[in-house]
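Presented below is the structure to which this report refers.
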Amino acid sequence: MPIFRLRRPLRGYIFSALICSALAAGLTSASGSAMAASEMQELAATLHSAEFSPRVDQLLKAGHPAQALELADLGLEKNPRSAQLRFSRTVALERLGRTEEAAKALRSLIAEYPEIPEPYNNLAVIEAGMGSLEEAVKLLDRALLLNPNFAT
């Protein structure tokens, strides 16, 4: 008889252990992403506002667009008017497949800094990818008017 009494609590313990294991696994994966976030935050705390763009570009070249985007966002908190950092952020968005968001950010960048040719070029690539070839050509023409050496 005592053996039968232990089965119910034992099942409860097994069930509780399974729930705890599942929660621990969830917390581990959540803390892994939180760790990556804190890593970028720690890096951002050590950087001068002029150092963000080169670091974001390094992350992009190394194939880490998610970290580049996070660092760009942190840099823009310190220097929201940085055209270079905003542009690098759009590159990260593009590489993450967030093309609509990248296109919107590029349009905003063009509106605020119409003299910079690179946003026109990148927006042209997005427009061409969406089948808007006429719009892409207009954007490329505008980039060439701004900087004829940009043709290369």
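For the structure tokens, the naming scheme is as follows: chains receive sequential letters (A, B, ...) according to their order of presentation, residues are indexed from 1 within each chain, and ligands are indexed from 1 in presentation order.
Taking only C-alpha atoms, the non-local environment of Leu140 of chain A within 10 Å (same-chain residues fewer than 2 positions away omitted) comprises Pro117, Glu118, Pro119, Tyr120, Asn121, Asn122, Leu123, Ala124, Val125, Glu134, Glu135, Ala136, Val137, Lys138, Arg142, Ala143, Leu144, Leu145, Leu146, Phe150 and Ala151 of chain A.
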Identify, on the basis of only C-alpha atoms, every residue whose closest approach to Leu74 of chain A does not exceed 9 Å; exclude the query and any residue fewer than 5 positions from it along the same chain; express the result as a PyMOL selection string. chain A and resi 40-41+44+52+69+79
Save the residues we just selected, all heavy atoms, as a JSON list (two decimals), in the first residue's frame?
[["chain", "number", "residue", "atom", "x", "y", "z"],
["A", 40, "MET", "N", 26.54, 44.32, -26.45],
["A", 40, "MET", "CA", 26.52, 45.52, -27.29],
["A", 40, "MET", "C", 26.35, 46.77, -26.43],
["A", 40, "MET", "O", 26.94, 47.80, -26.71],
["A", 40, "MET", "CB", 25.40, 45.43, -28.34],
["A", 40, "MET", "CG", 25.66, 44.45, -29.45],
["A", 40, "MET", "SD", 27.11, 44.86, -30.44],
["A", 40, "MET", "CE", 28.18, 43.51, -30.00],
["A", 41, "GLN", "N", 25.55, 46.66, -25.38],
["A", 41, "GLN", "CA", 25.37, 47.80, -24.48],
["A", 41, "GLN", "C", 26.68, 48.13, -23.76],
["A", 41, "GLN", "O", 27.02, 49.31, -23.60],
["A", 41, "GLN", "CB", 24.26, 47.51, -23.48],
["A", 41, "GLN", "CG", 22.90, 47.51, -24.11],
["A", 41, "GLN", "CD", 21.80, 47.04, -23.17],
["A", 41, "GLN", "OE1", 22.07, 46.44, -22.13],
["A", 41, "GLN", "NE2", 20.56, 47.31, -23.53],
["A", 44, "ALA", "N", 28.85, 49.80, -26.30],
["A", 44, "ALA", "CA", 28.36, 51.16, -26.55],
["A", 44, "ALA", "C", 28.76, 52.12, -25.44],
["A", 44, "ALA", "O", 29.06, 53.28, -25.70],
["A", 44, "ALA", "CB", 26.85, 51.14, -26.72],
["A", 52, "PHE", "N", 31.07, 54.86, -33.24],
["A", 52, "PHE", "CA", 30.00, 53.91, -33.51],
["A", 52, "PHE", "C", 29.98, 53.45, -34.96],
["A", 52, "PHE", "O", 29.88, 52.25, -35.23],
["A", 52, "PHE", "CB", 28.63, 54.49, -33.12],
["A", 52, "PHE", "CG", 28.33, 54.37, -31.66],
["A", 52, "PHE", "CD1", 28.69, 55.37, -30.78],
["A", 52, "PHE", "CD2", 27.69, 53.25, -31.15],
["A", 52, "PHE", "CE1", 28.42, 55.27, -29.43],
["A", 52, "PHE", "CE2", 27.41, 53.13, -29.80],
["A", 52, "PHE", "CZ", 27.78, 54.15, -28.93],
["A", 69, "LEU", "N", 22.96, 46.26, -36.15],
["A", 69, "LEU", "CA", 21.73, 47.03, -35.99],
["A", 69, "LEU", "C", 21.58, 47.49, -34.54],
["A", 69, "LEU", "O", 21.25, 48.66, -34.28],
["A", 69, "LEU", "CB", 20.52, 46.21, -36.42],
["A", 69, "LEU", "CG", 19.16, 46.87, -36.27],
["A", 69, "LEU", "CD1", 19.06, 48.14, -37.10],
["A", 69, "LEU", "CD2", 18.06, 45.89, -36.64],
["A", 79, "ASN", "N", 23.75, 60.03, -30.74],
["A", 79, "ASN", "CA", 23.93, 60.97, -31.83],
["A", 79, "ASN", "C", 22.88, 60.72, -32.91],
["A", 79, "ASN", "O", 23.18, 60.13, -33.95],
["A", 79, "ASN", "CB", 25.35, 60.85, -32.40],
["A", 79, "ASN", "CG", 25.66, 61.93, -33.41],
["A", 79, "ASN", "OD1", 24.89, 62.84, -33.63],
["A", 79, "ASN", "ND2", 26.82, 61.81, -34.05]]
Which residues come within 12 Å of Val91 of chain A, counting only C-alpha atoms, excluding same-chain residues fewer than 3 positions away, as a PyMOL selection string? chain A and resi 53+56-57+59-61+63-66+68-69+72+84-88+94-99+101-103+105-106+118-119+121-123+125-126
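Residue nearest Glu100 of chain A within the list A:Glu39, A:Met130, A:Glu112, A:Arg55: A:Met130 [criterion: smallest interatomic distance, only C-alpha atoms].
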If I take atom CA of Ala45 of chain A and atom CA of Glu70 of chain A, how far is one from the other in Å, to one decimal? 13.0 Å
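Across the structure, atom CA of Arg107 of chain A and atom CA of Asn147 of chain A are spaced 18.3 Å apart.
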Point-to-point distance from atom CA of Leu139 of chain A to atom CA of Pro114 of chain A, Å rounded to tenths: 11.3 Å
From the DSSP assignment of the backbone, select every residue of segment 38-150 of chain A that is alpha helix (DSSP H), and format the answer as JSON, numbers by chain. {"A": [38, 39, 40, 41, 42, 43, 44, 45, 46, 52, 53, 54, 55, 56, 57, 58, 59, 60, 61, 65, 66, 67, 68, 69, 70, 71, 72, 73, 74, 75, 76, 77, 78, 83, 84, 85, 86, 87, 88, 89, 90, 91, 92, 93, 94, 95, 99, 100, 101, 102, 103, 104, 105, 106, 107, 108, 109, 110, 111, 112, 117, 118, 119, 120, 121, 122, 123, 124, 125, 126, 127, 128, 129, 133, 134, 135, 136, 137, 138, 139, 140, 141, 142, 143, 144, 145, 146]}
